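upload06.csv (CSV, C-alpha atoms) appears below.
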chain,number,residue,atom,x,y,z
O,223,MET,CA,119.0,-68.2,47.3
O,224,THR,CA,121.8,-65.9,46.1
O,225,LYS,CA,123.5,-66.5,49.4
O,226,ASN,CA,123.3,-70.3,48.9
O,227,ILE,CA,124.8,-69.9,45.4
O,228,ILE,CA,127.7,-67.9,46.7
O,229,ILE,CA,128.4,-70.5,49.5
O,230,LEU,CA,128.2,-73.3,47.0
O,231,LEU,CA,130.7,-71.5,44.8
O,232,VAL,CA,133.1,-71.0,47.6
O,233,SER,CA,132.8,-74.6,48.9
O,234,PHE,CA,133.4,-76.1,45.5
O,235,LEU,CA,136.3,-73.7,44.9
O,236,GLN,CA,137.9,-75.3,47.9
O,237,ILE,CA,137.0,-78.8,46.7
O,238,GLY,CA,138.4,-78.1,43.3
O,239,LEU,CA,141.6,-76.7,44.6
O,240,PHE,CA,142.4,-79.7,46.8
O,241,SER,CA,141.4,-82.5,44.5
O,242,ILE,CA,144.6,-83.6,42.8
O,243,GLY,CA,144.4,-86.9,40.9
O,244,GLY,CA,140.8,-86.6,39.7
O,245,GLY,CA,137.5,-88.3,40.2
O,246,TYR,CA,137.7,-90.5,43.2
O,247,ALA,CA,140.0,-88.2,45.1
O,248,THR,CA,137.2,-85.5,45.0
O,249,ILE,CA,134.4,-87.5,46.5
O,250,PRO,CA,135.6,-87.5,50.2
O,251,LEU,CA,136.2,-83.7,49.9
O,252,ILE,CA,132.7,-83.1,48.5
O,253,GLN,CA,131.3,-85.3,51.3
O,254,GLU,CA,133.1,-83.3,53.9
O,255,GLN,CA,131.7,-80.0,52.7
O,256,VAL,CA,128.2,-81.0,51.6
O,257,VAL,CA,127.3,-83.6,54.2
O,258,ASP,CA,129.5,-83.1,57.3
O,259,PHE,CA,130.0,-79.3,57.2
O,260,HIS,CA,127.0,-77.6,55.6
O,261,HIS,CA,124.5,-80.4,56.2
O,262,TRP,CA,123.0,-79.8,52.7
O,263,LEU,CA,122.4,-83.5,52.1
O,264,THR,CA,122.1,-86.6,54.2
O,265,LEU,CA,124.7,-89.4,53.7
O,266,GLN,CA,122.0,-91.5,51.9
O,267,GLU,CA,121.2,-88.7,49.4
O,268,PHE,CA,124.9,-88.2,48.8
O,269,THR,CA,125.5,-91.9,48.2
O,270,ASP,CA,122.6,-91.8,45.7
O,271,ILE,CA,124.2,-88.9,43.9
O,272,ILE,CA,127.6,-90.7,43.6
O,273,THR,CA,125.7,-93.7,42.1
O,274,ILE,CA,123.9,-91.5,39.6
O,275,SER,CA,127.2,-89.7,38.8
O,276,GLN,CA,128.8,-93.0,38.0
O,277,MET,CA,125.9,-94.0,35.8
O,278,THR,CA,125.9,-90.8,33.7
O,279,PRO,CA,128.6,-89.7,31.3
O,280,GLY,CA,131.1,-87.0,32.1
O,281,PRO,CA,133.9,-86.6,34.7
O,282,LEU,CA,132.8,-87.9,38.1
O,283,ALA,CA,133.8,-84.8,40.0
O,284,VAL,CA,131.9,-82.5,37.6
O,285,ASN,CA,128.8,-84.8,37.7
O,286,THR,CA,128.8,-84.9,41.5
O,287,SER,CA,129.2,-81.1,41.8
O,288,THR,CA,126.5,-80.5,39.2
O,289,PHE,CA,124.1,-82.8,40.9
O,290,VAL,CA,124.8,-81.5,44.4
O,291,GLY,CA,124.3,-77.9,43.0
O,292,ILE,CA,121.0,-78.8,41.4
O,293,ARG,CA,119.7,-80.4,44.6
O,294,ILE,CA,120.6,-77.4,46.7
O,295,ALA,CA,119.9,-74.3,44.6
O,296,GLY,CA,118.5,-75.5,41.2
O,297,ILE,CA,120.2,-74.9,37.8
O,298,PHE,CA,122.2,-71.8,39.0
O,299,GLY,CA,123.4,-73.8,41.9
O,300,ALA,CA,124.6,-76.5,39.5
O,301,ILE,CA,126.5,-73.8,37.4
O,302,ALA,CA,128.1,-72.3,40.5
O,303,ALA,CA,129.2,-75.7,41.9
O,304,THR,CA,130.6,-76.8,38.6
O,305,LEU,CA,132.4,-73.5,38.0
O,306,GLY,CA,133.9,-73.7,41.5
O,307,CYS,CA,135.0,-77.3,40.9
O,308,ILE,CA,136.8,-76.7,37.6
O,309,LEU,CA,138.1,-73.1,38.0
O,310,SER,CA,141.4,-73.8,39.9
O,311,GLY,CA,142.2,-76.7,37.5
O,312,PHE,CA,141.5,-74.5,34.5
O,313,ILE,CA,143.9,-71.7,35.7
O,314,LEU,CA,146.6,-73.9,37.2
O,315,SER,CA,146.9,-76.4,34.3
O,316,ILE,CA,147.2,-73.5,31.8
O,317,LEU,CA,149.9,-71.9,34.0
O,318,LEU,CA,151.8,-75.1,34.4
O,319,TYR,CA,151.5,-75.9,30.7
O,320,ARG,CA,152.9,-72.4,29.9
O,321,PHE,CA,155.7,-72.9,32.4
O,322,PHE,CA,156.8,-76.2,30.8
O,323,ARG,CA,156.6,-74.8,27.3
O,324,LYS,CA,158.6,-71.7,28.2
O,325,TYR,CA,161.4,-73.7,29.9
O,326,LYS,CA,161.3,-76.7,27.6
O,327,ASP,CA,164.9,-76.2,26.6
O,328,ILE,CA,166.2,-76.4,30.2
O,329,ASP,CA,167.2,-80.0,30.9
O,330,SER,CA,166.1,-80.2,34.5
O,331,ILE,CA,162.6,-78.8,33.7
O,332,SER,CA,162.0,-81.0,30.7
O,333,ASP,CA,163.2,-84.0,32.7
O,334,ILE,CA,160.7,-83.3,35.4
O,335,LEU,CA,158.0,-83.2,32.7
O,336,LYS,CA,159.3,-86.6,31.5
O,337,GLY,CA,159.1,-87.9,35.1
O,338,LEU,CA,155.5,-86.7,35.2
O,339,HIS,CA,154.8,-88.7,32.0
O,340,SER,CA,156.0,-91.9,33.8
O,341,ILE,CA,154.0,-91.1,36.9
O,342,SER,CA,150.9,-90.6,34.9
O,343,VAL,CA,151.3,-93.9,33.1
O,344,GLY,CA,151.7,-95.6,36.5
O,345,LEU,CA,148.6,-93.9,37.9
O,346,ILE,CA,146.5,-94.6,34.8
O,347,ALA,CA,147.6,-98.3,35.1
O,348,ALA,CA,146.4,-98.2,38.8
O,349,SER,CA,143.0,-96.8,37.7
O,350,ALA,CA,142.9,-99.3,34.8
O,351,SER,CA,143.4,-102.2,37.3
O,352,THR,CA,140.5,-101.0,39.4
O,353,ILE,CA,138.3,-100.7,36.3
O,354,VAL,CA,139.3,-104.2,35.1
O,355,LEU,CA,138.6,-105.7,38.6
O,356,ILE,CA,135.1,-104.0,38.6
O,357,ALA,CA,134.4,-105.3,35.0
O,358,PHE,CA,135.6,-108.9,35.7
O,359,PHE,CA,134.5,-109.4,39.3
O,360,GLY,CA,132.0,-106.6,40.0
O,361,SER,CA,134.1,-105.3,42.9
O,362,PRO,CA,137.2,-103.0,43.0
O,363,LEU,CA,138.6,-104.9,46.0
O,364,LEU,CA,141.7,-107.2,45.6
O,365,ASN,CA,140.4,-110.1,47.6
O,366,VAL,CA,138.1,-111.2,44.8
O,367,LYS,CA,136.3,-114.6,44.6
O,368,ALA,CA,136.7,-116.8,41.6
O,369,VAL,CA,132.9,-117.5,41.7
O,370,ASN,CA,132.2,-113.9,40.8
O,371,PHE,CA,134.3,-114.2,37.7
O,372,ASN,CA,132.3,-112.8,34.8
O,373,ILE,CA,133.0,-114.8,31.6
O,374,THR,CA,130.9,-112.6,29.3
O,375,ALA,CA,132.9,-109.5,30.5
O,376,ILE,CA,136.3,-111.1,29.8
O,377,ILE,CA,135.2,-112.2,26.3
O,378,VAL,CA,133.9,-108.7,25.5
O,379,PHE,CA,137.1,-107.3,27.0
O,380,ILE,CA,139.4,-109.4,24.8
O,381,ILE,CA,137.4,-108.7,21.6
O,382,SER,CA,137.4,-105.0,22.4
O,383,LEU,CA,141.1,-104.9,23.1
O,384,PHE,CA,141.8,-106.8,19.9
O,385,SER,CA,139.8,-104.4,17.8
O,386,LEU,CA,141.4,-101.4,19.4
O,387,ARG,CA,144.9,-102.6,19.0
O,388,ASN,CA,144.7,-104.2,15.5
O,389,TYR,CA,142.0,-102.2,13.8
O,390,LYS,CA,142.4,-98.9,15.7
O,391,MET,CA,138.6,-98.8,16.3
O,392,ASN,CA,137.1,-95.6,17.6
O,393,PRO,CA,136.8,-95.9,21.5
O,394,ILE,CA,133.4,-94.2,21.4
O,395,LEU,CA,132.1,-96.9,19.1
O,396,ILE,CA,133.6,-99.6,21.4
O,397,ILE,CA,131.7,-98.1,24.4
O,398,ILE,CA,128.4,-97.9,22.5
O,399,LEU,CA,128.8,-101.5,21.1
O,400,THR,CA,129.7,-102.9,24.5
O,401,GLY,CA,126.7,-101.1,26.0
O,402,ILE,CA,124.4,-102.8,23.4
O,403,ILE,CA,126.0,-106.2,24.2
O,404,GLY,CA,125.3,-105.5,27.9
O,405,LEU,CA,121.6,-104.8,27.1
O,406,PHE,CA,121.3,-108.3,25.6
O,407,PHE,CA,123.4,-110.3,28.1
O,408,TYR,CA,122.8,-108.8,31.5
O,409,GLN,CA,119.0,-108.2,31.4
B,36,MET,CA,155.6,-80.7,10.0
B,37,TYR,CA,152.1,-81.6,9.1
B,38,VAL,CA,151.0,-80.7,12.6
B,39,GLU,CA,152.0,-77.1,12.0
B,40,GLU,CA,150.4,-76.9,8.5
B,41,ASN,CA,147.1,-78.2,9.7
B,42,PHE,CA,147.3,-75.7,12.5
B,43,ILE,CA,147.5,-72.8,10.1
B,44,ILE,CA,144.7,-74.0,7.9
B,45,MET,CA,142.4,-74.4,10.9
B,46,LYS,CA,143.4,-71.0,12.3
B,47,SER,CA,142.4,-69.2,9.2
B,48,ASN,CA,138.8,-69.9,9.9
B,49,LYS,CA,138.4,-69.3,13.6
B,50,LEU,CA,134.6,-69.7,13.9
B,51,LYS,CA,134.8,-73.0,12.2
B,52,LEU,CA,137.6,-74.1,14.4
B,53,TYR,CA,135.8,-73.0,17.6
B,54,PHE,CA,132.7,-74.9,16.5
B,55,SER,CA,134.6,-78.2,15.8
B,56,LEU,CA,136.4,-77.9,19.1
B,57,PHE,CA,133.1,-77.5,20.9
B,58,ARG,CA,131.5,-80.4,18.9
B,59,ILE,CA,134.3,-82.8,19.6
B,60,MET,CA,134.6,-82.0,23.3
B,61,PHE,CA,130.9,-82.2,23.7
B,62,SER,CA,130.7,-85.7,22.1
B,63,ILE,CA,133.7,-87.0,24.0
B,64,SER,CA,132.3,-85.8,27.3
B,65,ALA,CA,128.9,-87.4,26.4
B,66,PHE,CA,130.6,-90.8,26.2
B,67,THR,CA,133.1,-90.7,29.0
B,68,PHE,CA,131.9,-93.5,31.3
B,69,GLY,CA,134.3,-94.8,33.8
B,70,GLY,CA,136.6,-92.0,34.8
B,71,GLY,CA,138.7,-89.2,33.4
B,72,TYR,CA,141.4,-91.2,31.8
B,73,ILE,CA,139.1,-92.6,29.1
B,74,VAL,CA,139.2,-89.2,27.4
B,75,ILE,CA,142.9,-89.5,26.6
B,76,PRO,CA,142.5,-92.2,23.9
B,77,MET,CA,139.5,-90.3,22.6
B,78,MET,CA,141.5,-87.1,22.2
B,79,GLN,CA,144.2,-89.1,20.6
B,80,LYS,CA,141.8,-90.4,18.1
B,81,TYR,CA,140.3,-87.0,17.2
B,82,PHE,CA,143.1,-84.5,17.7
B,83,VAL,CA,146.3,-86.6,17.0
B,84,ASN,CA,145.2,-89.2,14.4
B,85,ASN,CA,142.2,-87.6,12.5
B,86,LEU,CA,142.7,-83.8,12.7
B,87,LYS,CA,146.5,-83.9,13.3
B,88,LEU,CA,146.2,-80.7,15.3
B,89,ILE,CA,148.5,-81.8,18.1
B,90,SER,CA,151.3,-84.4,18.2
B,91,GLU,CA,151.3,-87.6,20.3
B,92,GLN,CA,154.1,-86.1,22.5
B,93,GLU,CA,152.1,-83.0,23.2
B,94,LEU,CA,149.1,-85.0,24.2
B,95,LEU,CA,151.2,-86.9,26.7
B,96,ASP,CA,152.6,-83.6,28.1
B,97,MET,CA,149.0,-82.4,28.6
B,98,ALA,CA,148.0,-85.7,30.2
B,99,ALA,CA,150.9,-85.5,32.6
B,100,ILE,CA,150.1,-81.8,33.5
B,101,SER,CA,146.4,-82.4,34.0
B,102,GLN,CA,147.3,-85.2,36.3
B,103,SER,CA,149.5,-83.0,38.4
B,104,THR,CA,147.1,-80.1,38.8
B,105,PRO,CA,143.9,-80.0,40.9
B,106,GLY,CA,140.4,-80.7,39.4
B,107,ALA,CA,138.9,-83.3,37.1
B,108,ILE,CA,141.6,-84.7,34.7
B,109,ALA,CA,139.1,-84.8,31.8
B,110,VAL,CA,138.3,-81.1,32.2
B,111,ASN,CA,142.0,-80.1,32.6
B,112,ILE,CA,143.1,-82.0,29.5
B,113,SER,CA,140.3,-80.6,27.4
B,114,VAL,CA,141.2,-77.1,28.6
B,115,LEU,CA,144.9,-77.7,27.6
B,116,VAL,CA,144.0,-79.1,24.2
B,117,GLY,CA,141.8,-76.1,23.6
B,118,TYR,CA,144.5,-73.7,24.8
B,119,ARG,CA,147.1,-75.3,22.6
B,120,ILE,CA,144.9,-75.2,19.5
B,121,ALA,CA,143.1,-71.9,19.9
B,122,GLY,CA,144.4,-70.0,22.9
B,123,LEU,CA,142.4,-68.8,25.9
B,124,ILE,CA,139.1,-68.7,23.9
B,125,GLY,CA,139.7,-72.3,22.8
B,126,ALA,CA,140.3,-73.3,26.4
B,127,ILE,CA,137.0,-71.8,27.5
B,128,ILE,CA,135.1,-73.3,24.6
B,129,CYS,CA,136.5,-76.8,25.3
B,130,CYS,CA,135.8,-76.4,29.0
B,131,ILE,CA,132.2,-75.5,28.3
B,132,GLY,CA,131.9,-78.4,25.8
B,133,THR,CA,133.1,-80.8,28.5
B,134,VAL,CA,130.9,-79.7,31.3
B,135,LEU,CA,127.7,-79.1,29.3
B,136,PRO,CA,126.7,-82.7,28.7
B,137,PRO,CA,126.7,-83.7,32.4
B,138,LEU,CA,124.9,-80.4,33.2
B,139,LEU,CA,122.1,-81.1,30.7
B,140,ILE,CA,121.8,-84.8,31.5
B,141,LEU,CA,121.8,-84.3,35.3
B,142,SER,CA,119.3,-81.5,35.1
B,143,VAL,CA,116.9,-83.8,33.4
B,144,ILE,CA,117.6,-86.8,35.7
B,145,SER,CA,117.6,-84.9,39.0
B,146,SER,CA,113.8,-84.7,39.0
B,147,CYS,CA,113.4,-88.5,38.7
B,148,TYR,CA,116.7,-90.0,39.8
B,149,SER,CA,115.3,-92.9,41.8
B,150,VAL,CA,113.6,-94.2,38.7
B,151,PHE,CA,116.9,-93.9,36.8
B,152,ARG,CA,118.9,-95.5,39.5
B,153,ASP,CA,116.7,-98.6,39.7
B,154,ASN,CA,116.2,-99.0,36.0
B,155,ARG,CA,117.3,-102.5,34.8
B,156,VAL,CA,117.8,-101.5,31.2
B,157,ILE,CA,120.2,-98.7,32.1
B,158,SER,CA,122.1,-100.8,34.6
B,159,SER,CA,122.6,-103.6,32.1
B,160,ILE,CA,123.9,-101.2,29.5
B,161,LEU,CA,126.3,-99.8,32.0
B,162,LYS,CA,127.4,-103.2,33.1
B,163,GLY,CA,128.2,-104.1,29.4
B,164,MET,CA,130.1,-100.8,29.0
B,165,GLU,CA,132.5,-101.7,31.9
B,166,ALA,CA,134.3,-104.3,29.7
B,167,GLY,CA,134.6,-101.8,26.8
B,168,VAL,CA,135.9,-99.1,29.1
B,169,ALA,CA,138.4,-101.5,30.6
B,170,ALA,CA,139.7,-102.5,27.2
B,171,THR,CA,140.0,-98.9,26.1
B,172,ILE,CA,142.1,-97.9,29.1
B,173,VAL,CA,144.3,-101.0,29.0
B,174,ASP,CA,145.0,-100.2,25.3
B,175,LEU,CA,146.0,-96.7,26.4
B,176,VAL,CA,148.3,-98.1,29.1
B,177,ILE,CA,150.0,-100.4,26.6
B,178,ASP,CA,150.6,-97.5,24.2
B,179,MET,CA,151.9,-95.1,26.9
B,180,SER,CA,154.2,-97.7,28.4
B,181,LYS,CA,155.8,-98.4,25.0
B,182,GLY,CA,156.4,-94.6,24.7
B,183,ILE,CA,158.2,-94.6,28.1
B,184,LEU,CA,160.3,-97.7,27.2
B,185,ASP,CA,161.4,-95.9,24.0
B,186,GLU,CA,163.0,-93.2,26.2
B,187,LYS,CA,165.6,-95.9,27.3
B,188,ASN,CA,166.1,-94.2,30.7
B,189,TRP,CA,166.1,-96.6,33.7
B,190,LEU,CA,164.7,-94.0,36.1
B,191,LEU,CA,161.7,-93.1,33.8
B,192,THR,CA,161.0,-96.8,33.2
B,193,LEU,CA,161.2,-97.6,36.9
B,194,ILE,CA,158.9,-94.8,37.9
B,195,VAL,CA,156.0,-96.5,36.0
B,196,PRO,CA,155.7,-99.7,38.1
B,197,ALA,CA,156.8,-97.8,41.2
B,198,SER,CA,154.0,-95.2,41.0
B,199,PHE,CA,151.5,-98.0,40.0
B,200,PHE,CA,152.5,-99.9,43.1
B,201,ALA,CA,152.4,-96.9,45.4
B,202,SER,CA,148.9,-95.9,44.1
B,203,PHE,CA,147.2,-99.2,43.6
B,204,PHE,CA,148.5,-101.3,46.5
B,205,LEU,CA,149.7,-98.7,49.1
B,206,ASN,CA,147.1,-96.0,48.3
B,207,ILE,CA,149.7,-93.3,48.7
B,208,ASN,CA,148.5,-89.8,47.9
B,209,VAL,CA,149.1,-88.7,44.3
B,210,VAL,CA,150.6,-85.4,45.5
B,211,LEU,CA,153.3,-87.2,47.4
B,212,ILE,CA,154.1,-89.5,44.4
B,213,ILE,CA,154.4,-86.5,42.1
B,214,ILE,CA,156.7,-84.5,44.4
B,215,PHE,CA,158.9,-87.5,45.2
B,216,CYS,CA,159.4,-88.6,41.5
B,217,SER,CA,159.9,-85.0,40.3
B,218,PHE,CA,162.6,-84.7,42.9
B,219,LEU,CA,164.3,-87.9,41.7
B,220,CYS,CA,164.2,-86.7,38.1
B,221,PHE,CA,165.7,-83.4,39.1
B,222,VAL,CA,168.5,-85.1,41.0
B,223,GLN,CA,169.3,-87.4,38.1
B,224,THR,CA,169.6,-84.5,35.7
B,225,TYR,CA,171.7,-82.6,38.2
B,226,LEU,CA,174.1,-85.6,38.6
B,227,LYS,CA,174.4,-86.0,34.8
B,228,SER,CA,175.2,-82.3,34.4
B,229,ARG,CA,177.8,-82.5,37.1
B,230,LYS,CA,179.6,-85.3,35.4
B,231,GLY,CA,179.7,-83.0,32.4
B,232,GLY,CA,177.7,-85.5,30.3
B,233,THR,CA,175.3,-84.4,27.6
B,234,ARG,CA,171.5,-85.0,27.7
B,235,TYR,CA,170.8,-88.7,28.0
B,236,ASP,CA,167.9,-88.9,25.6
Target encoding structure tokens, full file:
Amino acid sequence: MTKNIIILLVSFLQIGLFSIGGGYATIPLIQEQVVDFHHWLTLQEFTDIITISQMTPGPLAVNTSTFVGIRIAGIFGAIAATLGCILSGFILSILLYRFFRKYKDIDSISDILKGLHSISVGLIAASASTIVLIAFFGSPLLNVKAVNFNITAIIVFIISLFSLRNYKMNPILIIILTGIIGLFFYQ
Amino acid sequence: MYVEENFIIMKSNKLKLYFSLFRIMFSISAFTFGGGYIVIPMMQKYFVNNLKLISEQELLDMAAISQSTPGAIAVNISVLVGYRIAGLIGAIICCIGTVLPPLLILSVISSCYSVFRDNRVISSILKGMEAGVAATIVDLVIDMSKGILDEKNWLLTLIVPASFFASFFLNINVVLIIIFCSFLCFVQTYLKSRKGGTRYD
């Protein structure tokens, strides 16, 4: 048991360290360690875990590591896997933040940070496009069919966006309300 | 100025500050459906608009840094918000607040996950939320793009559609995009300084 927990911690430390760009970048790494290398789970079990992780709140990478940890070594396994997954991000983001704060008066450093702002807007836009495609067409692929177009989703989307932009509504409230709407329209 | 004032008031009562940090991170994490970026508008709502503990610009710095370091973006950004507001202890508290909801929820679900997976009520709620999550993140992209346009720098403006295209259509690795664009920004600054010009912003 203890041995399993230590192996889990080490595997997820590697996963955490090499997953830049969040969520979906982490999944193939976890699959490699958990399914292909350690044979802890079958591919079917792993696919189920991804589905559940997407259905439950919280960061996808954290959900997946928590779930894999529970399946392999119970609650302590979950803690070990989660800790491994977030530790390198915790340390490196604080170090990078301190670095940028310390040298914020040097032009070339502060300009790199500004460049990172632009990149992050571009990447968030890419992720937003995927989310919009899933919401409207039920698939993240670009070759969507017009028949799959979801009218309810686009109406809810437009009303939500309008309330966010003009009334500065709380995003948590928007997500709860759209969940309730889904309950009535998609049953 | 108000950012600093609020900061001092909150600092005077540390326990209260730690507790509210934990509470906010816990509730944000409990409602993050649909990927890490959705936490950014939520942090903006609580920490920038309501509590005024950090400025808009600082949140953008944190978003950019959490994007460029390994791990889950939602965890990294909550760590940085905690670190900025209450140091290392704040970072640890925010981190725990962010990972605790999934840990609790999944511990309960893991014993009966096939029931949960095939439940029609849950899947219709989640289907409904997709449109709300999409609207929230599009709202964020509009806000952030406006911020970049205000910089009035052609390179910074051009990087936005370029990195979008590279990531969404070409599936180029994020690390490569970050290294390449950082290099471009560095070169631009270097060239400006060689010309003897002042800062362009």
Within 9 Å of range 172-185 of chain B, counting only C-alpha atoms, which residues show up once you throw out same-chain ones fewer than 5 positions away? Write them as a ChimeraX atom specification, please. /O:336,339-340,343-344,346-347,349-351,353-354,383,386-387 /B:72-73,75-76,95,167,191-192,195
Per residue of chain O within 6 Å of chain B, note the shortest atom pair and the distance in Å to one decimal, counting all atoms listed in the file, and order the rows by chain and increasing residue number, as a tab-separated table.
residue	atom	partner	partner_atom	distance
O:Gly238	CA	B:Gly106	CA	5.1
O:Leu239	CA	B:Pro105	CA	5.5
O:Ser241	CA	B:Pro105	CA	5.0
O:Ile242	CA	B:Pro105	CA	4.1
O:Gly243	CA	B:Gln102	CA	5.7
O:Gly244	CA	B:Ala107	CA	4.6
O:Pro279	CA	B:Phe68	CA	5.0
O:Gly280	CA	B:Ser64	CA	5.1
O:Pro281	CA	B:Gly71	CA	5.6
O:Asn285	CA	B:Pro137	CA	5.8
O:Ile308	CA	B:Gly106	CA	5.7
O:Gly311	CA	B:Gly106	CA	4.8
O:Phe312	CA	B:Asn111	CA	5.9
O:Ser315	CA	B:Thr104	CA	5.8
O:Ser330	CA	B:Phe221	CA	5.6
O:Ile334	CA	B:Ser217	CA	5.2
O:Gly337	CA	B:Leu191	CA	6.0
O:Leu338	CA	B:Ala99	CA	5.4
O:His339	CA	B:Ala99	CA	5.1
O:Ser340	CA	B:Val195	CA	5.1
O:Ile341	CA	B:Ser198	CA	5.8
O:Ser342	CA	B:Ala99	CA	5.6
O:Gly344	CA	B:Phe199	CA	4.2
O:Leu345	CA	B:Phe199	CA	5.4
O:Ala348	CA	B:Phe203	CA	5.0
O:Ala350	CA	B:Ile172	CA	5.9
O:Ile353	CA	B:Ala169	CA	5.8
O:Val354	CA	B:Ala169	CA	5.3
O:Ala357	CA	B:Glu165	CA	5.1
O:Ala375	CA	B:Ala166	CA	5.4
O:Phe379	CA	B:Ala166	CA	4.9
O:Ser382	CA	B:Ala170	CA	5.9
O:Leu383	CA	B:Ala170	CA	5.0
O:Ile396	CA	B:Gly167	CA	5.9
O:Ile397	CA	B:Gly167	CA	5.3
O:Thr400	CA	B:Met164	CA	5.0
O:Gly401	CA	B:Ile160	CA	4.5
O:Gly404	CA	B:Gly163	CA	3.6
O:Leu405	CA	B:Ile160	CA	4.9
O:Tyr408	CA	B:Ser159	CA	5.2
O:Gln409	CA	B:Ser159	CA	5.9
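Of note, CA of Ile301 in chain O and CA of His261 in chain O are spaced 20.0 Å apart.
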Q) Taking only C-alpha atoms into account, which of O:Leu363, O:Gly296, O:Met277, O:Asp327 comes nearest Asn154 in chain B? A)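 Once distances to Asn154 in chain B are computed over only C-alpha atoms, the minimum belongs to O:Met277.
The coordinates place CA of Thr224 in chain O at 22.2 Å from CA of Thr264 in chain O.
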query: By how many Å are CA of Leu335 in chain O and CA of Glu93 in chain B apart?
result: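 Atom-to-atom, CA of Leu335 in chain O and CA of Glu93 in chain B are spaced 11.2 Å apart.
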